[in-house]
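Engineer: The structure follows.
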Amino acid sequence: MATINYYLDKADKKGLSPIHLRINCNGKQIKISTGEKIASIDFDKDIQQVKNSSDKHIEINHYLSYLKDRADELLNKSYKKNYTNKEIKETLNDYINAYKENHSVNILREQISLYGKPFTFVDLFAGAGGFSEGFIQAEHNNKFFDFLVANDINENCELTHVVRYNHQLGLDTEFYVKTLQSLIFG
């Protein structure tokens with residue numbers, strides 16, 4: 001059985017330490033860079049997660065969880081019994097590259113103390129989320145848009161929104177699967 005952990009490497013000139021995935025299996029060790037860096041004080045070694053003190057803790061922790069799950073599937077739940085270290089490393093690096101390519105939207109998170117309250121919006125008839133995505137990527141007079149709630153009568157839209165906005169982007173967006181009439185009139 002393989003053990004899968006994260007550790008921080010030596011800090012760079014900016015004081016940020018790269019986060020590495022370490023796998024110990026049958027007396028062998030595999031180390032893989034996750035491509036993420038944080039200050040060492042922002043990493044909890046015991047629970048293997050980034051602390052809330054980091055601005056990007058939700059996004060990074062989701063990514064670390066995703067990567068650890070892929071490693072666990074590969075090493076402990078695979079139909080193929082034996083992988084070489086090279087195969088493991090290549091497969092996990094493919095997961096890392098695919099994740100990074102598919103999660104390239106940057107959310108504007110200006111400091112409220114500098115710019116005041118963010119604009120807020122509600123996405124009615126949410127569908128696949130194009131309206132929401134446009135607002136999240138937009139900026140106006142150095143203010144960002146805060147996504148509060150989405151609504152659609154189709155339950156599949158809820159799944160899309162929960163995965164995209166709550167899990168991938170780390171937002172606290174609510175989603176209601178109700179008709180507009182029931183939302184307004186209770």
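Residue names in the structure tokens use chain letters A, B, ... in the order shown, residue numbers from 1 in each chain, and ligand numbers from 1 in the order shown.
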Find the spatial neighbours of Glu174 (chain A), counting only C-alpha atoms, within a cut-off of 8 Å - ignore same-chain residues fewer than 5 positions away - and output them as a PyMOL selection string.
Structural biologist: chain A and resi 148-150
Engineer: Write out as a PyMOL selection string which residues come within 8 Å of Glu59 (chain A) when counting only C-alpha atoms, dropping same-chain ones fewer than 4 positions away.
Structural biologist: chain A and resi 63+168-170
Engineer: Quick one: contact table of region 44-95 of chain A to region 18-40 of chain A, 8 Å max, nearest atom pair and distance in Å to one decimal per residue, counting only C-alpha atoms, chain and number order, as a Markdown table?
Structural biologist:
| residue | atom | partner | partner_atom | distance |
| --- | --- | --- | --- | --- |
| A:Ser54 | CA | A:Ile38 | CA | 7.8 |
| A:Ile60 | CA | A:Glu36 | CA | 7.5 |
| A:Asn85 | CA | A:Ile30 | CA | 6.8 |
| A:Lys89 | CA | A:Ile32 | CA | 7.0 |
| A:Asn93 | CA | A:Ile32 | CA | 7.6 |
Engineer: Using only C-alpha atoms, find the one residue out of A:Leu8, A:Ala2, A:Ile47, A:Leu16 that sits nearest to Asp72 (chain A).
Structural biologist: A:Ala2
Engineer: Return the single residue from A:Tyr83, A:Arg164, A:Thr3, A:Phe43 that is closest to His57 (chain A), with distances computed using only C-alpha atoms.
Structural biologist: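 Using only C-alpha atoms, His57 (chain A) sits closest to A:Phe43.
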Engineer: Please provide as a PyMOL selection string all residues within 7 Å of Val177 (chain A), with the sequence filter that same-chain residues fewer than 5 positions apart are discarded (counting only C-alpha atoms).
Structural biologist: chain A and resi 151-155+158
Engineer: Interatomic distance between CA of Leu64 (chain A) and CA of His167 (chain A)?
Structural biologist: 12.3 Å
Engineer: Would you mind telling me which residue in A:Asp94, A:Glu87, A:Asp44, A:Asp55 lies nearest to Leu67 (chain A) when using only C-alpha atoms?
Structural biologist: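 When distances to Leu67 (chain A) are compared using only C-alpha atoms, the smallest one comes from A:Asp94.
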